[in-house]
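A.B. asks: I'm passing along work.txt; it holds compact mmCIF, C-alpha atoms.
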# COMPACT_ATOMS: atom_id res chain seq x y z
CA MET A 1372 -24.92 155.66 -40.82
CA THR A 1373 -28.60 154.82 -40.88
CA SER A 1374 -30.20 152.69 -43.52
CA PRO A 1375 -32.64 154.34 -45.89
CA ALA A 1376 -36.31 154.20 -44.99
CA PRO A 1377 -38.18 151.38 -46.70
CA PRO A 1378 -40.44 152.40 -49.54
CA SER A 1379 -44.00 153.20 -48.53
CA PRO A 1380 -46.46 150.42 -49.30
CA PRO A 1381 -49.29 151.07 -51.72
CA ASN A 1382 -51.68 151.92 -48.87
CA GLY A 1383 -49.44 154.86 -47.89
CA PHE A 1384 -49.58 154.01 -44.18
CA GLY A 1385 -46.73 151.56 -43.81
CA PRO A 1386 -46.90 147.90 -42.97
CA ILE A 1387 -49.82 146.65 -40.91
CA VAL A 1388 -48.20 145.14 -37.83
CA SER A 1389 -49.00 144.34 -34.22
CA SER A 1390 -45.57 145.36 -32.89
CA SER A 1391 -44.12 148.41 -34.60
CA HIS A 1392 -40.79 147.99 -32.81
CA LEU A 1393 -40.29 144.72 -34.73
CA ALA A 1394 -40.99 146.47 -38.04
CA GLU A 1395 -38.18 148.99 -37.49
CA GLY A 1396 -35.53 146.58 -38.81
CA ALA A 1397 -34.36 145.77 -42.30
CA LEU A 1398 -37.42 143.79 -43.39
CA PRO A 1399 -40.65 145.38 -42.07
CA GLU A 1400 -42.61 143.17 -44.46
CA LEU A 1401 -41.68 140.19 -42.29
CA SER A 1402 -43.44 141.87 -39.34
CA GLU A 1403 -46.43 142.40 -41.59
CA LEU A 1404 -46.40 138.71 -42.52
CA GLU A 1405 -46.12 137.76 -38.84
CA PHE A 1406 -49.14 139.87 -37.95
CA GLY A 1407 -51.02 138.22 -40.81
CA LEU A 1408 -50.03 134.80 -39.44
CA ILE A 1409 -51.20 135.77 -35.96
CA ILE A 1410 -54.65 136.91 -37.01
CA ALA A 1411 -55.03 134.16 -39.63
CA GLY A 1412 -53.99 131.51 -37.11
CA HIS A 1413 -56.57 132.64 -34.58
CA ALA A 1414 -59.27 132.97 -37.23
CA PHE A 1415 -58.44 129.51 -38.56
CA ASP A 1416 -58.63 127.98 -35.07
CA ARG A 1417 -62.03 129.62 -34.49
CA TRP A 1418 -63.24 128.41 -37.88
CA VAL A 1419 -62.13 124.80 -37.30
CA VAL A 1420 -63.84 124.63 -33.90
CA ARG A 1421 -67.08 126.23 -35.11
CA ALA A 1422 -67.20 124.23 -38.33
CA MET A 1423 -66.87 120.98 -36.39
CA ALA A 1424 -69.57 122.19 -33.98
CA ALA A 1425 -71.81 122.91 -36.99
CA ALA A 1426 -71.00 119.39 -38.19
CA GLY A 1427 -72.48 118.07 -34.94
CA HIS A 1428 -69.42 117.74 -32.72
CA PRO A 1429 -69.14 120.75 -30.41
CA GLY A 1430 -66.61 120.91 -27.61
CA LEU A 1431 -63.53 119.89 -29.59
CA SER A 1432 -60.47 122.12 -29.62
CA ALA A 1433 -58.83 123.17 -32.88
CA LEU A 1434 -55.98 120.72 -32.25
CA GLU A 1435 -58.43 117.86 -31.67
CA VAL A 1436 -60.22 118.63 -34.94
CA LEU A 1437 -56.91 118.79 -36.82
CA VAL A 1438 -55.76 115.52 -35.27
CA LEU A 1439 -59.04 113.89 -36.31
CA HIS A 1440 -58.61 115.08 -39.90
CA SER A 1441 -54.99 113.89 -39.91
CA VAL A 1442 -56.00 110.49 -38.57
CA ARG A 1443 -58.75 110.22 -41.20
CA HIS A 1444 -56.35 111.13 -44.03
CA ARG A 1445 -56.30 108.31 -46.60
CA THR A 1446 -58.22 106.07 -44.15
CA ARG A 1447 -55.05 104.41 -42.86
CA PRO A 1448 -54.04 104.02 -39.20
CA LYS A 1449 -51.52 106.65 -38.05
CA ARG A 1450 -48.75 106.55 -35.46
CA LEU A 1451 -48.45 109.39 -32.94
CA ALA A 1452 -45.09 110.36 -34.44
CA ASP A 1453 -46.63 110.58 -37.93
CA ILE A 1454 -49.46 112.82 -36.73
CA CYS A 1455 -46.98 115.11 -34.96
CA LEU A 1456 -44.75 115.23 -38.04
CA VAL A 1457 -47.58 116.11 -40.41
CA LEU A 1458 -48.97 118.80 -38.09
CA ASN A 1459 -45.45 120.05 -37.22
CA ILE A 1460 -46.02 119.62 -33.48
CA GLU A 1461 -43.05 118.98 -31.20
CA ASP A 1462 -45.00 118.44 -27.98
CA THR A 1463 -46.36 114.92 -28.42
CA HIS A 1464 -48.19 115.21 -25.09
CA THR A 1465 -50.69 117.67 -26.57
CA VAL A 1466 -51.43 115.33 -29.47
CA ASN A 1467 -51.65 112.34 -27.14
CA TYR A 1468 -54.17 114.23 -24.99
CA ALA A 1469 -56.16 115.16 -28.11
CA ILE A 1470 -56.22 111.48 -29.13
CA ARG A 1471 -57.51 110.48 -25.68
CA LYS A 1472 -60.34 113.01 -25.99
CA LEU A 1473 -61.17 111.80 -29.51
CA VAL A 1474 -61.21 108.17 -28.29
CA LYS A 1475 -63.54 109.17 -25.46
CA ALA A 1476 -65.82 110.91 -27.98
CA GLY A 1477 -65.88 107.77 -30.13
CA LEU A 1478 -64.28 109.53 -33.11
CA VAL A 1479 -61.04 107.50 -33.19
CA ARG A 1480 -59.86 104.20 -31.82
CA GLU A 1481 -56.44 102.99 -30.83
CA GLY A 1482 -54.99 99.75 -32.04
CA ARG A 1483 -51.78 98.15 -33.20
CA VAL A 1484 -50.19 97.59 -36.57
CA GLY A 1485 -47.51 95.05 -35.80
CA LYS A 1486 -45.76 96.33 -32.71
CA GLU A 1487 -46.71 99.94 -33.36
CA LYS A 1488 -49.51 101.70 -31.48
CA CYS A 1489 -51.74 103.40 -34.03
CA VAL A 1490 -54.89 105.48 -34.22
CA GLU A 1491 -57.64 105.31 -36.82
CA ALA A 1492 -60.92 107.07 -37.37
CA THR A 1493 -64.07 105.24 -36.35
CA PRO A 1494 -67.14 105.30 -38.60
CA LEU A 1495 -68.44 108.15 -36.40
CA GLY A 1496 -65.13 110.00 -36.86
CA ALA A 1497 -65.25 109.52 -40.64
CA GLU A 1498 -68.83 110.79 -40.67
CA ALA A 1499 -67.80 113.84 -38.62
CA CYS A 1500 -65.05 114.61 -41.15
CA ASP A 1501 -67.52 114.25 -44.03
CA LYS A 1502 -70.00 116.60 -42.35
CA TYR A 1503 -67.19 119.06 -41.66
CA ARG A 1504 -66.30 118.97 -45.37
CA SER A 1505 -69.92 119.78 -46.24
CA VAL A 1506 -69.96 122.71 -43.82
CA ARG A 1507 -66.62 123.88 -45.24
CA GLU A 1508 -67.86 123.73 -48.81
CA ALA A 1509 -71.09 125.57 -47.99
CA MET A 1510 -69.67 128.27 -45.73
CA LEU A 1511 -66.05 128.80 -46.71
CA LEU A 1512 -65.40 127.64 -50.26
CA GLU A 1513 -68.30 129.63 -51.66
CA ALA A 1514 -67.10 132.77 -49.84
CA VAL A 1515 -63.50 132.36 -51.02
CA THR A 1516 -64.66 131.77 -54.58
CA ALA A 1517 -66.99 134.78 -54.44
CA ALA A 1518 -64.08 136.93 -53.18
CA GLY A 1519 -62.28 136.13 -56.43
CA VAL A 1520 -59.33 134.32 -54.91
CA ALA A 1521 -57.77 132.29 -57.71
CA PRO A 1522 -56.79 128.65 -57.04
CA ALA A 1523 -53.28 129.39 -58.38
CA GLU A 1524 -52.90 132.19 -55.81
CA LEU A 1525 -53.95 129.85 -52.99
CA HIS A 1526 -51.38 127.33 -54.23
CA ARG A 1527 -48.65 130.01 -54.29
CA VAL A 1528 -49.49 131.28 -50.79
CA ALA A 1529 -49.61 127.71 -49.42
CA GLY A 1530 -46.12 127.08 -50.80
CA LEU A 1531 -44.85 130.33 -49.29
CA LEU A 1532 -46.31 129.38 -45.89
CA ARG A 1533 -44.59 125.99 -46.02
CA LEU A 1534 -41.31 127.70 -46.95
CA MET A 1535 -41.67 130.21 -44.12
CA SER A 1536 -42.50 127.48 -41.60
CA GLY A 1537 -39.14 125.92 -42.45
CA GLN A 1538 -37.43 129.29 -41.95
CA TYR A 1539 -39.09 129.75 -38.55
CA ASP A 1540 -38.23 126.16 -37.53
CA GLN A 1541 -34.57 126.71 -38.47
CA ALA A 1542 -34.49 130.04 -36.61
CA ALA A 1543 -36.09 128.37 -33.57
CA ARG A 1544 -33.40 125.68 -33.54
CA ALA A 1545 -30.69 128.35 -33.79
CA ALA A 1546 -32.27 130.36 -30.97
CA ALA A 1547 -32.51 127.26 -28.77
CA ALA A 1548 -28.86 126.47 -29.38
CA SER A 1549 -27.63 129.97 -28.50
Turn this file's structure into structure tokens for me.

C.D. replies:
Amino acid sequence: MTSPAPPSPPNGFGPIVSSSHLAEGALPELSELEFGLIIAGHAFDRWVVRAMAAAGHPGLSALEVLVLHSVRHRTRPKRLADICLVLNIEDTHTVNYAIRKLVKAGLVREGRVGKEKCVEATPLGAEACDKYRSVREAMLLEAVTAAGVAPAELHRVAGLLRLMSGQYDQAARAAAAS
């Protein structure tokens, strides 16, 4: 017995996906979400890199920019493990490499808090984050506001993305254990 076809979406064309064979299962909307994550993730990475370049610091990767912002958060030194936890990154080597590049660029410095090795933003790093925020406000926030996206909707979508990241993490652990 075959399952009934899913209802047609409002656009009448079916879900917008990158891999139709994955949308043939019970929840084609998940494939649509995954395609949205793919294109949003790449667009976000491009944005982060180009916004930091516009802020005066070209040549940084998206991960390096995100590590810098994480290190700058609340102007307190951060441990490598804390940065990886916040950014949900398992491979600490990639973050460690990003930190080395940021140190070389003069945007962060390494030090110790007690026996712990920590990283903190330098004045140049803090200035880079402030300039990035200005670029973000001028080029992105105005566009999002003009598009009519309500703050409550952004809050709801952010919560859904955090929930889904937990679902994907759990599924990844199960797949690794099988």

A.B. asks: Quick one: residues within 7 Å of region 1495-1510 of chain A, only C-alpha atoms counted, chain neighbours fewer than 6 positions away excluded, as number ranges by chain?

C.D. replies: A: 1422-1423, 1426, 1440, 1443, 1477-1479

A.B. asks: If I take CA of Leu1458 (chain A) and CA of Leu1439 (chain A), how far is one from the other in Å, to one decimal?

C.D. replies: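 Straight-line distance from CA of Leu1458 (chain A) to CA of Leu1439 (chain A) works out to 11.3 Å.
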
A.B. asks: Choose the residue, out of A:Ser1536, A:Ser1402, A:Val1490, A:Arg1445, that has the smallest atom-to-atom separation from Ile1460 (chain A); count only C-alpha atoms.

C.D. replies: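 For Ile1460 (chain A), the nearest of the candidates is A:Ser1536.
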
A.B. asks: Extract, using only C-alpha atoms, all DNA, RNA and protein residues at most 7 Å from Glu1491 (chain A), discarding same-chain residues fewer than 4 positions from it, and format them as a list of chain:residue names.

C.D. replies: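 What passes the distance filter is A:Val1442, A:Arg1443, A:Arg1447, A:Pro1448, A:Lys1449, A:Val1479, A:Arg1480, A:Glu1481.
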
A.B. asks: Calculated over all atoms listed in the file, which of the candidates A:Ala1542, A:Arg1417, A:Leu1532, A:Leu1456 has the smallest distance to Glu1405 (chain A)?

C.D. replies: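 When distances to Glu1405 (chain A) are compared using all atoms listed in the file, the smallest one comes from A:Leu1532.
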
A.B. asks: Give as a list in words each residue that has an atom at most 12 Å from (-69.6, 114.7, -25.3) in the file, counting all atoms listed in the file.

C.D. replies: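 Returned residue set, sorted by chain then number, is Ala1424, Gly1427, His1428, Pro1429, Gly1430, Leu1431, Lys1472, Leu1473, Val1474, Lys1475, Ala1476, Gly1477 and Leu1478 of chain A.
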
A.B. asks: In Å to one decimal, how far is CA of Gly1530 (chain A) from CA of Thr1516 (chain A)?

C.D. replies: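 So the two atoms, CA of Thr1516 (chain A) and CA of Gly1530 (chain A), lie 19.5 Å apart.
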
A.B. asks: How far is it from CA of Val1419 (chain A) to CA of Met1535 (chain A), in Å with one decimal?

C.D. replies: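 For CA of Val1419 (chain A) relative to CA of Met1535 (chain A), the distance reads 22.2 Å.
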
A.B. asks: Quick one: of A:Leu1451, A:Ile1387, A:Val1457, A:Leu1398, who's nearest to Ile1410 (chain A), counting only C-alpha atoms?

C.D. replies: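 With only C-alpha atoms as the atom set, the closest residue is A:Ile1387.
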
A.B. asks: In the coordinate frame of the file, compute which residues have an atom within 9 Å of (-45.6, 146.2, -36.3) when using all atoms listed in the file, and state them as a PyMOL selection string.

C.D. replies: chain A and resi 1386-1395+1399+1402-1403+1405-1406

A.B. asks: Have a look at A:Ala1521, A:Leu1434, A:Ala1546, A:Leu1534 and name the one nearest to Asp1462 (chain A); count only C-alpha atoms.

C.D. replies: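 Among the listed residues, the smallest separation from Asp1462 (chain A) belongs to A:Leu1434.
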
A.B. asks: Which is closer to Gly1412 (chain A) than all the others in A:Ile1454, A:Ala1397, A:Ala1433, A:Ala1529, using all atoms listed in the file?

C.D. replies: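 Between A:Ile1454, A:Ala1397, A:Ala1433, A:Ala1529, the residue approaching Gly1412 (chain A) most closely is A:Ala1433.
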